[in-house]
$ cat query-v4.cif   # mmCIF, C-alpha atoms
data_coords
loop_
_atom_site.group_PDB
_atom_site.id
_atom_site.type_symbol
_atom_site.label_atom_id
_atom_site.label_comp_id
_atom_site.auth_asym_id
_atom_site.auth_seq_id
_atom_site.Cartn_x
_atom_site.Cartn_y
_atom_site.Cartn_z
ATOM 1 C CA MET O 1 0.000 0.000 0.000
ATOM 2 C CA HIS O 2 2.844 2.418 0.746
ATOM 3 C CA PRO O 3 4.342 2.494 -2.783
ATOM 4 C CA PHE O 4 0.842 2.957 -4.202
ATOM 5 C CA THR O 5 0.140 5.820 -1.786
ATOM 6 C CA ARG O 6 3.452 7.488 -2.580
ATOM 7 C CA ALA O 7 2.739 7.219 -6.311
ATOM 8 C CA LEU O 8 -0.725 8.709 -5.841
ATOM 9 C CA LEU O 9 0.731 11.579 -3.845
ATOM 10 C CA TRP O 10 3.302 12.385 -6.529
ATOM 11 C CA ILE O 11 0.679 12.196 -9.263
ATOM 12 C CA LEU O 12 -1.480 14.590 -7.244
ATOM 13 C CA ARG O 13 1.419 16.999 -6.727
ATOM 14 C CA ILE O 14 2.387 17.059 -10.400
ATOM 15 C CA ALA O 15 -1.229 17.373 -11.543
ATOM 16 C CA PHE O 16 -1.770 20.198 -9.061
ATOM 17 C CA LEU O 17 1.216 22.156 -10.369
ATOM 18 C CA ALA O 18 0.108 21.661 -13.972
ATOM 19 C CA ALA O 19 -3.494 22.634 -13.173
ATOM 20 C CA LEU O 20 -2.323 25.667 -11.206
ATOM 21 C CA ALA O 21 -0.087 26.873 -14.031
ATOM 22 C CA LEU O 22 -2.809 26.406 -16.631
ATOM 23 C CA GLY O 23 -5.431 27.911 -14.334
ATOM 24 C CA LEU O 24 -3.346 31.024 -13.773
ATOM 25 C CA ALA O 25 -2.812 31.328 -17.524
ATOM 26 C CA LEU O 26 -6.556 31.023 -18.083
ATOM 27 C CA TRP O 27 -7.266 33.526 -15.311
ATOM 28 C CA THR O 28 -5.026 36.097 -16.981
ATOM 29 C CA GLY O 29 -6.772 35.547 -20.328
ATOM 30 C CA HIS O 30 -4.116 33.391 -21.978
ATOM 31 C CA GLY O 31 -4.076 29.762 -23.026
ATOM 32 C CA TYR O 32 -7.788 29.334 -23.578
ATOM 33 C CA GLN O 33 -6.928 26.564 -26.039
ATOM 34 C CA TYR O 34 -5.724 24.532 -23.032
ATOM 35 C CA LEU O 35 -8.997 24.724 -21.111
ATOM 36 C CA LYS O 36 -9.950 21.105 -21.877
ATOM 37 C CA PHE O 37 -6.493 19.943 -20.769
ATOM 38 C CA HIS O 38 -6.913 21.912 -17.524
ATOM 39 C CA MET O 39 -10.277 20.218 -17.000
ATOM 40 C CA TRP O 40 -8.818 16.743 -17.624
ATOM 41 C CA ILE O 41 -6.059 17.443 -15.125
ATOM 42 C CA GLY O 42 -8.761 18.462 -12.630
ATOM 43 C CA PHE O 43 -10.599 15.194 -13.227
ATOM 44 C CA ALA O 44 -7.315 13.317 -12.732
ATOM 45 C CA MET O 45 -6.808 15.136 -9.433
ATOM 46 C CA THR O 46 -10.349 14.229 -8.405
ATOM 47 C CA PHE O 47 -9.834 10.552 -9.228
ATOM 48 C CA ASP O 48 -6.465 10.609 -7.460
ATOM 49 C CA LEU O 49 -8.070 12.091 -4.334
ATOM 50 C CA LEU O 50 -10.742 9.396 -4.390
ATOM 51 C CA LEU O 51 -8.066 6.696 -4.622
ATOM 52 C CA LEU O 52 -6.215 8.298 -1.703
ATOM 53 C CA ALA O 53 -9.461 8.232 0.291
ATOM 54 C CA VAL O 54 -9.823 4.518 -0.485
ATOM 55 C CA ALA O 55 -6.222 4.001 0.633
ATOM 56 C CA GLY O 56 -7.092 5.851 3.838
ATOM 57 C CA PHE O 57 -10.095 3.637 4.488
ATOM 58 C CA LEU O 58 -8.066 0.473 3.748
ATOM 59 C CA ALA O 59 -5.254 1.627 6.040
ATOM 60 C CA ARG O 60 -7.843 2.196 8.763
ATOM 61 C CA VAL O 61 -7.116 5.904 9.070
ATOM 62 C CA PRO O 62 -9.784 7.518 11.267
ATOM 63 C CA PRO O 63 -12.655 7.948 8.795
ATOM 64 C CA VAL O 64 -13.216 11.692 9.123
ATOM 65 C CA LEU O 65 -10.334 12.687 6.822
ATOM 66 C CA PRO O 66 -11.121 10.149 4.078
ATOM 67 C CA LEU O 67 -14.807 11.193 4.184
ATOM 68 C CA ILE O 68 -13.912 14.877 3.890
ATOM 69 C CA THR O 69 -11.605 13.972 1.008
ATOM 70 C CA VAL O 70 -14.429 12.171 -0.815
ATOM 71 C CA LEU O 71 -16.747 15.165 -0.365
ATOM 72 C CA TRP O 72 -14.024 17.566 -1.466
ATOM 73 C CA ALA O 73 -13.305 15.453 -4.542
ATOM 74 C CA ALA O 74 -17.007 15.503 -5.405
ATOM 75 C CA ALA O 75 -17.118 19.303 -5.144
ATOM 76 C CA MET O 76 -14.103 19.919 -7.384
ATOM 77 C CA PRO O 77 -15.543 18.980 -10.794
ATOM 78 C CA PHE O 78 -18.925 20.425 -9.876
ATOM 79 C CA VAL O 79 -17.471 23.860 -9.131
ATOM 80 C CA GLY O 80 -14.994 23.610 -11.992
ATOM 81 C CA ILE O 81 -17.702 23.041 -14.590
ATOM 82 C CA TRP O 82 -20.232 25.312 -12.873
ATOM 83 C CA GLN O 83 -17.830 28.249 -12.807
ATOM 84 C CA MET O 84 -18.073 28.681 -16.566
ATOM 85 C CA ARG O 85 -21.726 29.690 -16.190
ATOM 86 C CA ALA O 86 -21.778 31.181 -12.713
ATOM 87 C CA VAL O 87 -21.548 34.847 -11.876
ATOM 88 C CA PRO O 88 -20.738 36.288 -15.299
ATOM 89 C CA GLY O 89 -19.280 39.737 -15.582
ATOM 90 C CA SER O 90 -17.089 41.668 -13.210
ATOM 91 C CA ASN O 91 -17.838 39.440 -10.190
ATOM 92 C CA HIS O 92 -16.689 36.228 -11.885
ATOM 93 C CA TRP O 93 -13.454 36.414 -9.917
ATOM 94 C CA ILE O 94 -15.388 35.249 -6.822
ATOM 95 C CA VAL O 95 -16.075 31.862 -8.420
ATOM 96 C CA GLN O 96 -12.507 31.701 -9.694
ATOM 97 C CA VAL O 97 -11.175 32.231 -6.175
ATOM 98 C CA LEU O 98 -13.506 29.498 -4.878
ATOM 99 C CA HIS O 99 -12.159 27.172 -7.579
ATOM 100 C CA LEU O 100 -8.581 28.040 -6.607
ATOM 101 C CA ILE O 101 -9.357 27.383 -2.930
ATOM 102 C CA LEU O 102 -10.767 23.963 -3.862
ATOM 103 C CA GLY O 103 -7.544 23.153 -5.718
ATOM 104 C CA LEU O 104 -5.378 24.292 -2.818
ATOM 105 C CA GLY O 105 -7.538 22.314 -0.418
ATOM 106 C CA ALA O 106 -7.204 19.247 -2.626
ATOM 107 C CA ILE O 107 -3.433 19.272 -2.412
ATOM 108 C CA GLY O 108 -3.623 19.875 1.344
ATOM 109 C CA LEU O 109 -6.061 17.010 1.867
ATOM 110 C CA GLY O 110 -3.976 14.716 -0.318
ATOM 111 C CA GLU O 111 -0.833 15.531 1.637
ATOM 112 C CA ALA O 112 -2.538 15.100 5.021
ATOM 113 C CA LEU O 113 -4.274 11.868 4.094
ATOM 114 C CA SER O 114 -1.210 10.275 2.515
ATOM 115 C CA LYS O 115 0.848 11.246 5.571
ATOM 116 C CA ARG O 116 -1.593 9.379 7.805
ATOM 117 C CA VAL O 117 -1.679 6.363 5.487
ATOM 118 C CA LEU O 118 2.117 6.230 5.343
ATOM 119 C CA ARG O 119 2.324 6.346 9.154
ATOM 120 C CA ARG O 120 0.346 3.115 9.357
ATOM 121 C CA PRO O 121 2.279 -0.138 9.293
ATOM 122 C CA PRO O 122 2.109 -1.766 5.854
ATOM 123 C CA ALA O 123 -0.285 -4.644 5.411
ATOM 124 C CA PRO O 124 1.365 -8.075 5.338
#
$ encode --input "query-v4.cif" --output "structure tokens"
Amino acid sequence: MHPFTRALLWILRIAFLAALALGLALWTGHGYQYLKFHMWIGFAMTFDLLLLAVAGFLARVPPVLPLITVLWAAAMPFVGIWQMRAVPGSNHWIVQVLHLILGLGAIGLGEALSKRVLRRPPAP
């Protein structure tokens, strides 16, 4: 379980950096042609978070953190897709900040959950 968890964590970290870079480019009005790629990276992060939550449940981490991670992962694509239609005009930045906070929270949850999984003794 530990090599799998470490791999998931590194995938999450790399996907986060790529999504952040593309998201900032999109936010500044550049790179619109990469929007679909940014969305696919977000879906990969979501799936990665869900797998980390499963690893947390299997490692018998106290269930609060894996449950929060599942809920957070469910919110990410919803807000990501919803933000294209929500709050058009000059107040759109509010939804963009919410989306950024979800991304930052995702990396934080992934780090915290993987840390707790890696502290557990490996299964025989």
$ closest_residue --input "query-v4.cif" --among "O:Val61, O:Lys115, O:Val79, O:His38" --to "Ile94 of chain O" --atoms "all atoms listed in the file"
O:Val79
$ closest_residue --input "query-v4.cif" --among "O:Val97, O:Leu35, O:Leu22, O:Ala106" --to "Phe47 of chain O" --atoms "only C-alpha atoms"
O:Ala106
$ closest_residue --input "query-v4.cif" --among "O:Val87, O:Leu8, O:Ala59, O:Ala75" --to "His99 of chain O" --atoms "all atoms listed in the file"
O:Ala75
$ atom_distance --input "query-v4.cif" --atom1 "atom CA of Ile81 of chain O" --atom2 "atom CA of Phe43 of chain O"
10.7 Å
$ atom_distance --input "query-v4.cif" --atom1 "atom CA of Pro3 of chain O" --atom2 "atom CA of Leu49 of chain O"
15.8 Å
$ resolve_selection --input "query-v4.cif" --expression "the PyMOL selection byres ((chain O and resi 67-69) around 9)" --output "list in words"
Leu49, Leu50, Leu52, Ala53, Phe57, Pro63, Val64, Leu65, Pro66, Val70, Leu71, Trp72, Ala73, Ala74, Ala106, Leu109, Gly110 and Leu113 of chain O
$ write_last_selection --input "query-v4.cif" --atoms "C-alpha atoms" --output "PDB file, in the coordinates of the input"
ATOM      1  CA  LEU O  49      -8.070  12.091  -4.334  1.00  0.00           C
ATOM      2  CA  LEU O  50     -10.742   9.396  -4.390  1.00  0.00           C
ATOM      3  CA  LEU O  52      -6.215   8.298  -1.703  1.00  0.00           C
ATOM      4  CA  ALA O  53      -9.461   8.232   0.291  1.00  0.00           C
ATOM      5  CA  PHE O  57     -10.095   3.637   4.488  1.00  0.00           C
ATOM      6  CA  PRO O  63     -12.655   7.948   8.795  1.00  0.00           C
ATOM      7  CA  VAL O  64     -13.216  11.692   9.123  1.00  0.00           C
ATOM      8  CA  LEU O  65     -10.334  12.687   6.822  1.00  0.00           C
ATOM      9  CA  PRO O  66     -11.121  10.149   4.078  1.00  0.00           C
ATOM     10  CA  VAL O  70     -14.429  12.171  -0.815  1.00  0.00           C
ATOM     11  CA  LEU O  71     -16.747  15.165  -0.365  1.00  0.00           C
ATOM     12  CA  TRP O  72     -14.024  17.566  -1.466  1.00  0.00           C
ATOM     13  CA  ALA O  73     -13.305  15.453  -4.542  1.00  0.00           C
ATOM     14  CA  ALA O  74     -17.007  15.503  -5.405  1.00  0.00           C
ATOM     15  CA  ALA O 106      -7.204  19.247  -2.626  1.00  0.00           C
ATOM     16  CA  LEU O 109      -6.061  17.010   1.867  1.00  0.00           C
ATOM     17  CA  GLY O 110      -3.976  14.716  -0.318  1.00  0.00           C
ATOM     18  CA  LEU O 113      -4.274  11.868   4.094  1.00  0.00           C
TER      19      LEU O 113
END
$ atom_distance --input "query-v4.cif" --atom1 "atom CA of Trp93 of chain O" --atom2 "atom CA of Gly31 of chain O"
17.4 Å
$ residues_around --input "query-v4.cif" --residues "Ala21 of chain O" --least-positions-apart "5" --cutoff "12 Å" --atoms "only C-alpha atoms" --output "list in words"
Ile14, Ala15, Phe16, Leu26, Trp27, Thr28, His30, Gly31, Tyr34, Leu35, Phe37, His38, Ile41, Leu100 and Gly103 of chain O
$ write_last_selection --input "query-v4.cif" --atoms "C-alpha atoms" --output "short mmCIF file (atom, residue, chain, number, x, y, z; two decimals), keeping the file's coordinate frame"
data_model
loop_
_atom_site.label_atom_id
_atom_site.label_comp_id
_atom_site.auth_asym_id
_atom_site.auth_seq_id
_atom_site.Cartn_x
_atom_site.Cartn_y
_atom_site.Cartn_z
CA ILE O 14 2.39 17.06 -10.40
CA ALA O 15 -1.23 17.37 -11.54
CA PHE O 16 -1.77 20.20 -9.06
CA LEU O 26 -6.56 31.02 -18.08
CA TRP O 27 -7.27 33.53 -15.31
CA THR O 28 -5.03 36.10 -16.98
CA HIS O 30 -4.12 33.39 -21.98
CA GLY O 31 -4.08 29.76 -23.03
CA TYR O 34 -5.72 24.53 -23.03
CA LEU O 35 -9.00 24.72 -21.11
CA PHE O 37 -6.49 19.94 -20.77
CA HIS O 38 -6.91 21.91 -17.52
CA ILE O 41 -6.06 17.44 -15.12
CA LEU O 100 -8.58 28.04 -6.61
CA GLY O 103 -7.54 23.15 -5.72
#
$ residues_around --input "query-v4.cif" --residues "Trp82 of chain O" --least-positions-apart "2" --cutoff "12 Å" --atoms "all atoms listed in the file" --output "short mmCIF file (atom, residue, chain, number, x, y, z; two decimals) with C-alpha atoms, in the coordinates of the input"
data_model
loop_
_atom_site.label_atom_id
_atom_site.label_comp_id
_atom_site.auth_asym_id
_atom_site.auth_seq_id
_atom_site.Cartn_x
_atom_site.Cartn_y
_atom_site.Cartn_z
CA MET O 39 -10.28 20.22 -17.00
CA ALA O 75 -17.12 19.30 -5.14
CA MET O 76 -14.10 19.92 -7.38
CA PRO O 77 -15.54 18.98 -10.79
CA PHE O 78 -18.92 20.42 -9.88
CA VAL O 79 -17.47 23.86 -9.13
CA GLY O 80 -14.99 23.61 -11.99
CA MET O 84 -18.07 28.68 -16.57
CA ARG O 85 -21.73 29.69 -16.19
CA ALA O 86 -21.78 31.18 -12.71
CA VAL O 87 -21.55 34.85 -11.88
CA PRO O 88 -20.74 36.29 -15.30
CA HIS O 92 -16.69 36.23 -11.88
CA VAL O 95 -16.08 31.86 -8.42
CA GLN O 96 -12.51 31.70 -9.69
CA LEU O 98 -13.51 29.50 -4.88
CA HIS O 99 -12.16 27.17 -7.58
#
$ decode --input "query-v4.cif" --residues "segment 10-59 of chain O" --atoms "C-alpha atoms" --output "compact mmCIF listing (two decimals), in the first residue's frame"
# COMPACT_ATOMS: atom_id res chain seq x y z
CA TRP O 10 3.30 12.39 -6.53
CA ILE O 11 0.68 12.20 -9.26
CA LEU O 12 -1.48 14.59 -7.24
CA ARG O 13 1.42 17.00 -6.73
CA ILE O 14 2.39 17.06 -10.40
CA ALA O 15 -1.23 17.37 -11.54
CA PHE O 16 -1.77 20.20 -9.06
CA LEU O 17 1.22 22.16 -10.37
CA ALA O 18 0.11 21.66 -13.97
CA ALA O 19 -3.49 22.63 -13.17
CA LEU O 20 -2.32 25.67 -11.21
CA ALA O 21 -0.09 26.87 -14.03
CA LEU O 22 -2.81 26.41 -16.63
CA GLY O 23 -5.43 27.91 -14.33
CA LEU O 24 -3.35 31.02 -13.77
CA ALA O 25 -2.81 31.33 -17.52
CA LEU O 26 -6.56 31.02 -18.08
CA TRP O 27 -7.27 33.53 -15.31
CA THR O 28 -5.03 36.10 -16.98
CA GLY O 29 -6.77 35.55 -20.33
CA HIS O 30 -4.12 33.39 -21.98
CA GLY O 31 -4.08 29.76 -23.03
CA TYR O 32 -7.79 29.33 -23.58
CA GLN O 33 -6.93 26.56 -26.04
CA TYR O 34 -5.72 24.53 -23.03
CA LEU O 35 -9.00 24.72 -21.11
CA LYS O 36 -9.95 21.10 -21.88
CA PHE O 37 -6.49 19.94 -20.77
CA HIS O 38 -6.91 21.91 -17.52
CA MET O 39 -10.28 20.22 -17.00
CA TRP O 40 -8.82 16.74 -17.62
CA ILE O 41 -6.06 17.44 -15.13
CA GLY O 42 -8.76 18.46 -12.63
CA PHE O 43 -10.60 15.19 -13.23
CA ALA O 44 -7.31 13.32 -12.73
CA MET O 45 -6.81 15.14 -9.43
CA THR O 46 -10.35 14.23 -8.41
CA PHE O 47 -9.83 10.55 -9.23
CA ASP O 48 -6.47 10.61 -7.46
CA LEU O 49 -8.07 12.09 -4.33
CA LEU O 50 -10.74 9.40 -4.39
CA LEU O 51 -8.07 6.70 -4.62
CA LEU O 52 -6.21 8.30 -1.70
CA ALA O 53 -9.46 8.23 0.29
CA VAL O 54 -9.82 4.52 -0.48
CA ALA O 55 -6.22 4.00 0.63
CA GLY O 56 -7.09 5.85 3.84
CA PHE O 57 -10.10 3.64 4.49
CA LEU O 58 -8.07 0.47 3.75
CA ALA O 59 -5.25 1.63 6.04
